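Undergrad: Below is the file my_file-v9.txt, which contains compact mmCIF, C-alpha atoms.
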```txt
# COMPACT_ATOMS: atom_id res chain seq x y z
CA MET A 1 119.94 96.81 93.61
CA PHE A 2 121.38 97.44 90.14
CA ALA A 3 118.93 98.40 87.38
CA SER A 4 117.74 95.66 85.06
CA ASN A 5 116.99 97.62 81.89
CA ILE A 6 117.15 95.48 78.78
CA CYS A 7 119.77 96.29 76.14
CA GLU A 8 118.20 98.32 73.34
CA PHE A 9 120.09 96.50 70.59
CA GLU A 10 117.48 94.77 68.44
CA GLY A 11 116.92 91.19 69.51
CA CYS A 12 119.25 91.37 72.54
CA SER A 13 117.81 90.33 75.88
CA SER A 14 120.85 91.08 78.05
CA ILE A 15 120.79 93.72 80.76
CA ALA A 16 122.22 97.11 79.82
CA VAL A 17 125.34 98.12 81.69
CA THR A 18 125.31 101.13 84.01
CA ASP A 19 124.88 104.53 82.31
CA GLU A 20 124.35 102.95 78.87
CA LYS A 21 121.40 101.81 76.79
CA TYR A 22 123.23 98.69 75.70
CA CYS A 23 124.87 95.64 77.21
CA PHE A 24 128.67 95.65 77.01
CA ASN A 25 128.62 93.46 73.88
CA HIS A 26 126.64 96.08 71.99
CA ILE A 27 128.41 99.21 73.20
CA GLU A 28 130.12 100.89 70.27
CA ASN A 29 133.20 102.14 72.11
CA LYS A 30 134.06 99.39 74.56
CA LYS A 31 137.50 100.84 75.32
CA LEU A 32 136.12 104.23 76.28
CA TYR A 33 133.41 102.66 78.46
CA SER A 34 135.99 100.47 80.22
CA GLU A 35 138.22 103.47 80.87
CA LYS A 36 135.28 105.42 82.32
CA ILE A 37 134.44 102.52 84.62
CA ILE A 38 138.03 102.11 85.81
CA GLU A 39 138.13 105.83 86.57
CA ARG A 40 134.85 105.56 88.48
CA ILE A 41 136.10 102.63 90.56
CA LYS A 42 139.30 104.52 91.33
CA SER A 43 137.53 107.72 92.33
CA GLU A 44 134.61 106.38 94.39
CA GLN A 45 134.98 104.83 97.80
CA LYS A 46 131.55 103.20 97.82
CA ILE A 47 130.41 101.57 94.59
CA ILE A 48 126.70 100.86 94.66
CA ASN A 49 124.36 99.25 92.08
CA LEU A 50 127.02 99.14 89.37
CA ASN A 51 126.46 96.74 86.48
CA ILE A 52 129.52 96.27 84.28
CA SER A 53 128.90 92.69 83.20
CA GLY A 54 131.08 91.51 80.36
CA ILE A 55 133.96 93.94 80.70
CA THR A 56 137.62 93.10 81.18
CA LEU A 57 139.64 94.47 84.07
CA ASN A 58 143.32 93.60 83.75
CA ASN A 59 146.32 94.74 85.79
CA ILE A 60 144.20 96.65 88.26
CA GLN A 61 144.68 97.14 91.99
CA ILE A 62 141.50 97.86 93.90
CA THR A 63 142.18 98.85 97.50
CA GLY A 64 139.81 99.81 100.29
CA LYS A 65 136.67 99.94 98.13
CA LYS A 66 133.19 98.97 99.22
CA PHE A 67 130.93 97.27 96.67
CA PHE A 68 127.21 96.92 97.29
CA SER A 69 124.64 95.22 95.05
CA CYS A 70 126.79 95.20 91.93
CA LYS A 71 126.63 92.98 88.86
CA PHE A 72 130.00 91.79 87.60
CA SER A 73 128.79 88.74 85.66
CA GLU A 74 130.80 87.24 82.81
CA MET A 75 133.71 89.59 83.43
CA HIS A 76 137.36 88.85 82.82
CA PHE A 77 139.92 89.73 85.49
CA GLU A 78 143.62 89.17 84.91
CA ASN A 79 146.33 90.25 87.36
CA ALA A 80 143.71 92.01 89.46
CA VAL A 81 144.28 92.62 93.15
CA PHE A 82 141.42 93.24 95.58
CA ASN A 83 143.01 94.51 98.73
CA ASP A 84 141.06 95.37 101.91
CA CYS A 85 137.78 95.53 100.00
CA TYR A 86 134.23 95.01 101.26
CA MET A 87 131.61 93.29 99.11
CA ARG A 88 127.94 92.70 99.79
CA GLN A 89 125.34 91.16 97.48
CA CYS A 90 127.53 91.27 94.39
CA PHE A 91 127.28 88.87 91.46
CA PHE A 92 130.47 87.69 89.73
CA ASP A 93 128.84 84.63 88.13
CA PHE A 94 130.50 83.04 85.10
CA SER A 95 133.52 85.34 85.30
CA VAL A 96 137.16 84.47 84.69
CA PHE A 97 139.85 85.27 87.26
CA LYS A 98 143.42 84.69 86.15
CA ASN A 99 146.40 85.45 88.43
CA CYS A 100 144.16 87.41 90.80
CA VAL A 101 144.57 88.07 94.51
CA PHE A 102 141.91 88.77 97.11
CA ASN A 103 143.68 90.02 100.19
CA GLU A 104 142.05 90.88 103.54
CA THR A 105 138.77 91.30 101.75
CA ASN A 106 135.41 91.00 103.45
CA ILE A 107 132.93 89.18 101.21
CA LYS A 108 129.40 88.27 102.25
CA PHE A 109 126.32 87.22 100.27
CA VAL A 110 128.29 87.21 97.03
CA CYS A 111 127.96 84.90 94.03
CA PHE A 112 130.99 83.61 92.11
CA ALA A 113 129.12 80.59 90.73
CA GLY A 114 130.27 79.17 87.41
CA SER A 115 133.46 81.22 87.45
CA VAL A 116 136.96 80.09 86.55
CA PHE A 117 139.80 80.71 89.01
CA ASP A 118 143.22 80.09 87.55
CA ASN A 119 146.28 80.71 89.73
CA CYS A 120 144.39 82.87 92.24
CA LYS A 121 144.85 83.54 95.93
CA PHE A 122 142.35 84.36 98.66
CA GLU A 123 144.39 85.41 101.69
CA ILE A 124 143.05 86.46 105.10
CA CYS A 125 139.58 86.95 103.69
CA ASP A 126 136.14 86.61 105.20
CA MET A 127 133.99 84.93 102.56
CA LEU A 128 130.77 84.11 104.37
CA HIS A 129 127.64 82.93 102.59
CA THR A 130 129.47 82.98 99.30
CA ASN A 131 128.37 80.95 96.29
CA PHE A 132 131.26 79.18 94.53
CA ASN A 133 129.04 76.48 93.01
CA GLY A 134 130.20 75.12 89.68
CA ILE A 135 133.53 76.94 89.74
CA LYS A 136 136.60 75.59 87.99
CA SER A 137 139.49 76.15 90.34
CA SER A 138 143.04 75.54 89.24
CA LYS A 139 146.27 76.30 91.13
CA THR A 140 144.25 78.35 93.58
CA LEU A 141 144.88 78.94 97.25
CA PHE A 142 142.43 79.79 100.01
CA SER A 143 144.56 80.80 102.96
CA GLU A 144 143.75 81.95 106.52
CA SER A 145 140.20 82.64 105.39
CA ASP A 146 136.75 82.17 106.88
CA LEU A 147 134.39 80.44 104.44
CA TYR A 148 131.47 79.89 106.85
CA PHE A 149 128.28 78.72 105.09
CA SER A 150 129.80 79.08 101.61
CA SER A 151 129.27 76.44 98.97
CA PHE A 152 131.41 74.71 96.34
CA ILE A 153 128.70 72.40 95.00
CA LYS A 154 129.48 70.73 91.65
CA ALA A 155 132.85 72.49 91.53
CA LYS A 156 135.89 71.21 89.68
CA PHE A 157 139.26 71.44 91.40
CA ASN A 158 142.78 71.07 90.19
CA GLU A 159 145.67 71.82 92.56
CA THR A 160 143.51 73.79 94.99
CA MET A 161 144.49 74.26 98.61
CA TYR A 162 142.63 75.33 101.73
CA ASN A 163 145.21 76.37 104.28
CA ASP A 164 144.10 77.36 107.79
CA CYS A 165 140.52 78.03 106.68
CA ASN A 166 137.24 77.83 108.56
CA LEU A 167 135.08 75.35 106.64
CA ARG A 168 132.13 75.23 109.06
CA LYS A 169 128.93 74.52 107.09
CA VAL A 170 130.77 74.66 103.76
CA SER A 171 129.29 72.37 101.08
CA PHE A 172 131.50 70.45 98.66
CA TYR A 173 129.07 67.82 97.49
CA PHE A 174 128.78 66.75 93.88
CA SER A 175 132.37 68.05 93.59
CA ASP A 176 135.52 66.19 92.79
CA VAL A 177 137.51 66.87 95.94
CA ASN A 178 140.40 64.55 95.15
CA ASN A 179 142.46 67.42 93.86
CA ILE A 180 142.00 69.55 96.97
CA LYS A 181 144.58 69.74 99.73
CA PHE A 182 143.37 70.67 103.18
CA LYS A 183 145.92 71.93 105.64
CA SER A 184 145.10 73.10 109.18
CA SER A 185 141.46 73.51 108.16
CA ASN A 186 138.39 72.02 109.83
CA GLN A 187 137.14 69.94 106.93
CA GLU A 188 135.30 67.72 109.42
CA ASP A 189 132.80 70.59 109.76
CA ALA A 190 132.20 70.75 106.00
CA TYR A 191 129.78 68.66 103.94
CA PHE A 192 131.28 66.40 101.30
CA ASP A 193 128.48 63.97 100.73
CA LYS A 194 124.95 65.13 100.04
CA ARG A 195 123.83 62.62 102.67
CA ASP A 196 125.79 64.61 105.27
CA ARG A 197 123.25 67.30 105.09
CA LEU A 198 119.49 67.42 104.85
CA LEU A 199 118.05 69.50 102.09
CA LEU A 200 116.82 72.91 103.06
CA GLY A 201 114.24 73.72 105.67
CA MET B 1 115.31 99.79 95.61
CA LYS B 2 117.59 98.72 98.42
CA VAL B 3 117.75 95.09 99.53
CA PHE B 4 119.45 94.07 102.76
CA THR B 5 120.20 90.49 103.77
CA ILE B 6 120.14 89.71 107.47
CA TYR B 7 121.41 86.30 108.58
CA HIS B 8 120.06 84.68 111.72
CA THR B 9 121.77 81.76 113.41
CA ASN B 10 118.38 80.64 114.69
CA GLY B 11 117.53 78.20 111.89
CA TYR B 12 120.37 79.61 109.76
CA ILE B 13 117.90 81.66 107.78
CA ASN B 14 118.09 84.81 105.70
CA THR B 15 115.68 87.66 106.28
CA TYR B 16 115.41 90.32 103.59
CA LEU B 17 114.56 93.97 104.05
CA ILE B 18 113.39 95.84 100.95
CA GLY B 19 112.86 99.55 100.82
CA PRO B 20 113.36 102.69 98.76
CA GLU B 21 116.69 104.51 98.48
CA ASP B 22 115.60 107.46 100.62
CA GLY B 23 113.40 106.01 103.33
CA GLY B 24 109.69 105.19 103.35
CA GLU B 25 107.63 102.04 103.45
CA ALA B 26 109.55 98.80 103.66
CA ILE B 27 108.88 95.10 103.21
CA LEU B 28 110.43 92.37 105.33
CA ILE B 29 110.63 88.81 104.06
CA ASP B 30 110.72 85.90 106.53
CA PRO B 31 111.42 87.55 109.90
CA GLY B 32 112.92 84.55 111.64
CA GLN B 33 114.24 86.67 114.45
CA VAL B 34 114.13 90.26 115.63
CA ASP B 35 117.31 91.74 116.98
CA LEU B 36 118.91 95.12 117.35
CA HIS B 37 120.72 94.79 114.01
CA LEU B 38 117.44 94.37 112.14
CA LEU B 39 115.70 97.18 114.00
CA ASN B 40 118.66 99.50 113.43
CA LEU B 41 118.60 98.73 109.71
CA ILE B 42 114.92 99.63 109.54
CA GLU B 43 115.28 102.80 111.59
CA TYR B 44 118.65 103.96 110.23
CA ASN B 45 117.23 103.84 106.71
CA ASN B 46 114.14 105.80 107.78
CA TYR B 47 111.88 102.89 106.93
CA TYR B 48 108.47 102.08 108.27
CA LEU B 49 107.74 98.38 108.14
CA LYS B 50 104.50 98.24 106.18
CA SER B 51 104.49 94.61 105.07
CA ILE B 52 105.80 91.25 106.17
CA PHE B 53 106.00 88.53 103.52
CA VAL B 54 106.04 84.91 104.62
CA THR B 55 107.49 82.42 102.12
CA HIS B 56 106.22 79.55 104.28
CA SER B 57 105.24 79.11 107.89
CA HIS B 58 108.10 77.04 109.30
CA GLU B 59 108.82 78.46 112.74
CA HIS B 60 112.36 79.68 112.05
CA HIS B 61 111.06 81.84 109.18
CA ILE B 62 108.27 83.53 111.16
CA LYS B 63 109.42 83.64 114.76
CA GLY B 64 109.95 87.40 114.76
CA ILE B 65 106.45 88.35 113.58
CA ASP B 66 104.96 88.77 117.07
CA THR B 67 107.66 91.20 118.17
CA LEU B 68 107.54 93.19 114.94
CA LEU B 69 103.77 93.62 115.18
CA LYS B 70 104.22 95.16 118.61
CA ILE B 71 106.38 97.85 117.01
CA TYR B 72 104.91 98.34 113.54
CA GLU B 73 101.39 98.12 112.16
CA SER B 74 102.34 95.78 109.36
CA ASP B 75 100.25 93.59 107.11
CA VAL B 76 101.37 89.97 107.01
CA TYR B 77 101.19 88.27 103.60
CA SER B 78 101.00 84.49 103.39
CA LYS B 79 99.32 81.65 101.56
CA LEU B 80 97.73 80.75 104.89
CA PRO B 81 94.87 82.82 106.38
CA LEU B 82 96.47 82.81 109.84
CA ILE B 83 100.12 83.00 110.89
CA LYS B 84 100.84 82.84 114.61
CA LYS B 85 97.15 83.69 115.23
CA VAL B 86 97.55 86.83 113.13
CA GLU B 87 95.09 87.29 110.30
CA THR B 88 97.02 87.57 107.04
CA VAL B 89 96.49 89.08 103.64
CA LYS B 90 96.11 85.79 101.80
CA VAL B 91 98.06 85.38 98.58
CA ASN B 92 97.45 82.90 95.80
CA ASP B 93 99.36 81.61 92.82
CA GLY B 94 99.50 84.17 90.03
CA ASP B 95 98.43 87.12 92.19
CA LYS B 96 99.91 90.43 91.12
CA ILE B 97 99.79 93.04 93.81
CA ASN B 98 101.31 96.46 94.28
CA ILE B 99 102.75 97.01 97.73
CA SER B 100 104.52 100.21 98.72
CA GLY B 101 105.13 100.95 95.04
CA TYR B 102 106.58 97.54 94.22
CA ASP B 103 104.87 95.16 91.79
CA VAL B 104 104.89 91.79 93.49
CA GLU B 105 103.98 88.50 91.82
CA ILE B 106 103.16 85.35 93.73
CA ILE B 107 104.37 81.96 92.52
CA ASP B 108 102.99 79.01 94.44
CA ILE B 109 105.44 76.08 94.64
CA ASN B 110 104.31 72.77 96.12
CA GLY B 111 106.50 70.01 97.49
CA HIS B 112 108.44 71.52 100.39
CA SER B 113 105.48 72.68 102.46
CA ASP B 114 101.78 73.22 101.82
CA ASP B 115 102.12 76.98 101.93
CA SER B 116 105.38 77.74 100.07
CA VAL B 117 105.34 80.75 97.78
CA VAL B 118 108.01 82.64 95.87
CA TYR B 119 107.77 86.42 95.77
CA LYS B 120 108.87 88.00 92.48
CA ILE B 121 109.82 91.65 92.88
CA ARG B 122 111.45 93.37 89.91
CA ASN B 123 114.38 91.14 88.88
CA ILE B 124 114.57 89.24 92.17
CA LEU B 125 112.99 85.98 93.26
CA PHE B 126 112.67 85.51 97.01
CA THR B 127 112.45 81.75 97.02
CA GLY B 128 112.30 80.83 100.70
CA ASP B 129 113.17 77.17 101.05
CA VAL B 130 112.06 75.87 97.68
CA LEU B 131 115.18 76.82 95.72
CA SER B 132 118.60 78.02 96.78
CA ALA B 133 122.18 77.88 95.56
CA GLY B 134 122.75 74.30 94.41
CA MET B 135 119.91 72.92 96.49
CA ILE B 136 116.17 72.51 96.71
CA GLY B 137 113.92 72.32 99.75
CA SER B 138 113.60 69.22 101.88
CA THR B 139 110.59 67.02 101.27
CA VAL B 140 108.82 64.38 103.30
CA ASN B 141 109.16 61.72 100.63
CA SER B 142 110.40 61.08 97.10
CA GLU B 143 107.00 61.82 95.58
CA SER B 144 106.97 65.29 97.15
CA ARG B 145 110.50 65.82 95.88
CA LYS B 146 109.38 65.01 92.33
CA ILE B 147 106.51 67.49 92.71
CA LEU B 148 108.90 70.17 93.98
CA GLN B 149 111.36 69.58 91.13
CA LYS B 150 108.56 69.65 88.56
CA GLU B 151 107.07 72.84 89.97
CA ILE B 152 110.42 74.63 90.02
CA ILE B 153 111.16 73.61 86.44
CA LYS B 154 107.66 74.54 85.27
CA LYS B 155 107.13 77.78 87.16
CA ILE B 156 110.61 79.16 87.91
CA PHE B 157 112.90 77.81 85.21
CA THR B 158 110.57 79.12 82.51
CA LEU B 159 111.31 82.68 83.66
CA LYS B 160 114.07 84.69 82.00
CA SER B 161 117.52 83.67 83.22
CA ASP B 162 118.57 87.10 84.46
CA PHE B 163 116.60 86.89 87.71
CA LEU B 164 118.56 87.02 90.94
CA ILE B 165 117.63 84.46 93.56
CA LEU B 166 117.69 85.46 97.21
CA PRO B 167 116.94 82.25 99.11
CA GLY B 168 115.80 81.58 102.65
CA HIS B 169 119.06 79.80 103.42
CA GLY B 170 122.62 80.23 102.21
CA ALA B 171 124.30 82.33 99.56
CA PRO B 172 122.62 84.31 96.80
CA THR B 173 122.49 82.95 93.30
CA THR B 174 120.94 83.62 89.92
CA LEU B 175 118.38 81.76 87.88
CA ASN B 176 120.96 81.33 85.12
CA VAL B 177 123.34 79.67 87.58
CA GLU B 178 120.69 77.32 88.96
CA LYS B 179 119.54 76.29 85.48
CA LYS B 180 123.11 75.35 84.60
CA ILE B 181 124.53 74.08 87.90
CA ASN B 182 121.87 72.96 90.41
CA PRO B 183 122.43 69.17 90.63
CA TYR B 184 118.85 68.55 91.78
CA LEU B 185 117.39 70.27 88.75
CA ASN B 186 119.97 69.62 86.12
CA LEU B 187 118.38 69.92 82.74
CA SER B 188 121.49 69.03 80.75
```
Go ahead and express the file in the form of structure tokens.
TA:
Amino acid sequence: MFASNICEFEGCSSIAVTDEKYCFNHIENKKLYSEKIIERIKSEQKIINLNISGITLNNIQITGKKFFSCKFSEMHFENAVFNDCYMRQCFFDFSVFKNCVFNETNIKFVCFAGSVFDNCKFEICDMLHTNFNGIKSSKTLFSESDLYFSSFIKAKFNETMYNDCNLRKVSFYFSDVNNIKFKSSNQEDAYFDKRDRLLLG
Amino acid sequence: MKVFTIYHTNGYINTYLIGPEDGGEAILIDPGQVDLHLLNLIEYNNYYLKSIFVTHSHEHHIKGIDTLLKIYESDVYSKLPLIKKVETVKVNDGDKINISGYDVEIIDINGHSDDSVVYKIRNILFTGDVLSAGMIGSTVNSESRKILQKEIIKKIFTLKSDFLILPGHGAPTTLNVEKKINPYLNLS
């Protein structure tokens, strides 16, 4: 799991990013750090225990990479493409995804909670046990994807579509689902009302 | 520290395997089932299963203990003195113990079951059934639910927000997310 060293900037309680003493907010040369990280992602096939919370990754294509136990919280992705990637136990909470594509990507035990998805596409993805609680999804498409046991609790949707998706054990309760379109998906196997499902255990 | 999540369809539970980067003594949390995948993970990583942590004694969280104890000489940690007729190392609220080099803190949470505990290891909370992504544990009545909510808010939500939460069921989450989003515990 990624290290959880506290940022050394006086009074800051955030976690320091990988290879630095400071969180991204308090790094002096943010541009240089971002460039180093992009280079690292490009050069390594397996990315393990990386914490780059807070950084921006725009116009990037990430293909065939495996991410394990990484922290990508409060990041900003614009025009990013994840193609044929593999993600386990990664945390993208409270991030922003704008015009991003996840294609044929295998995601399991990953947290996107509190994130914003604007004009994004998830195509032919496995997204099992994935936490989308509290997301704000706008003009976003989930297509030909398996979302088994994922959750969209307290999520806000605007022009969001699930096309040919497996929704078995997917939770949508406390969410406004009026702005979702379901097409060729098994929404009868999902939970929309908290009464549909007992609490845990 | 490596953490592996293993999902079992029996009870839809998550089992967690914790061990060092380069092999050695490992901890298993809530062994609901033993299968080849789990055993391969332990062996492939050169782990020896030294400890089994039980978050609570519901059958689907402990079913694999018997089989594991036939293979490994592990200590079983629980709030109860006996689990499946096995004598445990009893843990109590506030205990701080060092196991296989990991500092482990015990947080006792009432409401879901009489023996529910959360294990705090480094920046991770292994919450069992008491708290998971957008949900809390089931309770037998509304009074127990109030107790559970109160205990979570008092003992878990007072921790720093950067803890990760690896629950007994469902997807991973963070304490920050649950403080802001969990509809059963919404503070705002």
Undergrad: Counting all atoms listed in the file, which residues from chain A have an atom at most 9 Å from any atom of chain B, and could you show them as JSON, numbers by chain?
TA: {"A": [1, 2, 3, 4, 14, 15, 69, 88, 89, 90, 91, 93, 94, 108, 109, 110, 111, 112, 113, 114, 128, 129, 130, 131, 133, 134, 149, 150, 151, 152, 153, 154, 174, 198, 199, 200, 201]}
Undergrad: Applying 10 Å and all atoms listed in the file, which residues near segment 27-40 of chain A remain after dropping the ones on its own chain fewer than 2 positions away? List them as a VMD selection string.
TA: chain A and resid 7 9 16 to 25 42 to 45 47 50 52 55 to 57 60 62
Undergrad: Give me the residues near Ile83 of chain B as a ChimeraX atom specification, where near means some atom within 9 Å (using all atoms listed in the file) and where sequence neighbours in that chain fewer than 3 positions away do not count.
TA: /B:54,57,62,65,76,78,80,86-88
Undergrad: Figure out the distance between atom CA of Ile165 of chain B and atom CA of Ile152 of chain B, please, to one decimal in Å.
TA: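 Those two atoms sit 12.7 Å apart.
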Undergrad: Show which residues sit within 7 Å of segment 117-123 of chain A, as a list in words. Count all atoms listed in the file, and ignore same-chain residues fewer than 2 positions away.
TA: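 These residues fall inside the cut-off: Val96, Phe97, Lys98, Asn99, Cys100, Val101, Phe102, Asn103, Glu104, Ser115, Cys125, Lys136, Ser137, Ser138, Lys139, Thr140, Leu141, Phe142, Ser143, Glu144 and Ser145 of chain A.
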Undergrad: Return the single residue from A:Arg168, A:Phe77, A:Asn49, A:Tyr173 that is closest to Glu188 of chain A, with distances computed using all atoms listed in the file.
TA: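 For Glu188 of chain A, the nearest of the given residues is A:Arg168.
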Undergrad: Please determine, counting all atoms listed in the file, which residue among B:Lys146, B:Lys84, B:Lys79, B:Lys70 has the shortest atom-to-atom distance to Gly111 of chain B.
TA: B:Lys146
Undergrad: Need to verify the contact set: Ala26 of chain B, 10 Å, only C-alpha atoms, exclusion of same-chain residues closer than 3 positions in sequence. Can you return it as an mmCIF file with C-alpha atoms, in the frame of the given file?
TA:
```
data_model
loop_
_atom_site.group_PDB
_atom_site.id
_atom_site.type_symbol
_atom_site.label_atom_id
_atom_site.label_comp_id
_atom_site.auth_asym_id
_atom_site.auth_seq_id
_atom_site.Cartn_x
_atom_site.Cartn_y
_atom_site.Cartn_z
ATOM 1 C CA MET B 1 115.310 99.790 95.610
ATOM 2 C CA LYS B 2 117.590 98.720 98.420
ATOM 3 C CA VAL B 3 117.750 95.090 99.530
ATOM 4 C CA LEU B 17 114.560 93.970 104.050
ATOM 5 C CA ILE B 18 113.390 95.840 100.950
ATOM 6 C CA GLY B 19 112.860 99.550 100.820
ATOM 7 C CA PRO B 20 113.360 102.690 98.760
ATOM 8 C CA GLY B 23 113.400 106.010 103.330
ATOM 9 C CA ILE B 42 114.920 99.630 109.540
ATOM 10 C CA ASN B 45 117.230 103.840 106.710
ATOM 11 C CA ASN B 46 114.140 105.800 107.780
ATOM 12 C CA TYR B 47 111.880 102.890 106.930
ATOM 13 C CA TYR B 48 108.470 102.080 108.270
ATOM 14 C CA LEU B 49 107.740 98.380 108.140
ATOM 15 C CA LYS B 50 104.500 98.240 106.180
ATOM 16 C CA SER B 51 104.490 94.610 105.070
ATOM 17 C CA ILE B 52 105.800 91.250 106.170
ATOM 18 C CA SER B 74 102.340 95.780 109.360
ATOM 19 C CA ILE B 99 102.750 97.010 97.730
ATOM 20 C CA SER B 100 104.520 100.210 98.720
ATOM 21 C CA GLY B 101 105.130 100.950 95.040
ATOM 22 C CA TYR B 102 106.580 97.540 94.220
#
```
Undergrad: Using Å and a single decimal, report how far atom CA of Val117 of chain B sits from atom CA of His56 of chain B.
TA: 6.7 Å
Undergrad: So how many Å separate atom CA of Ser53 of chain A and atom CA of Tyr16 of chain B, to one decimal?
TA: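 Between atom CA of Ser53 of chain A and atom CA of Tyr16 of chain B the gap is 24.6 Å.
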Undergrad: So, counting all atoms listed in the file, which residue among B:Lys120, B:Leu82, B:Asn110, B:Leu41 is closest to Gly94 of chain B?
TA: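 Checking each candidate against Gly94 of chain B, we get B:Lys120 as the closest.
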Undergrad: Would you mind listing what lies within 8 Å of Val177 of chain A as a list in words, with only C-alpha atoms counted and same-chain residues fewer than 2 positions away left out?
TA: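 Selected residues are Lys156, Phe157, Phe172, Ser175, Asn179 and Ile180 of chain A.
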Undergrad: Given only C-alpha atoms as the basis, pick out the residue of B:Ile121, B:Leu68, B:Ser116, B:Leu185 nearest to Asp103 of chain B.
TA: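 For Asp103 of chain B, the nearest of the candidates is B:Ile121.
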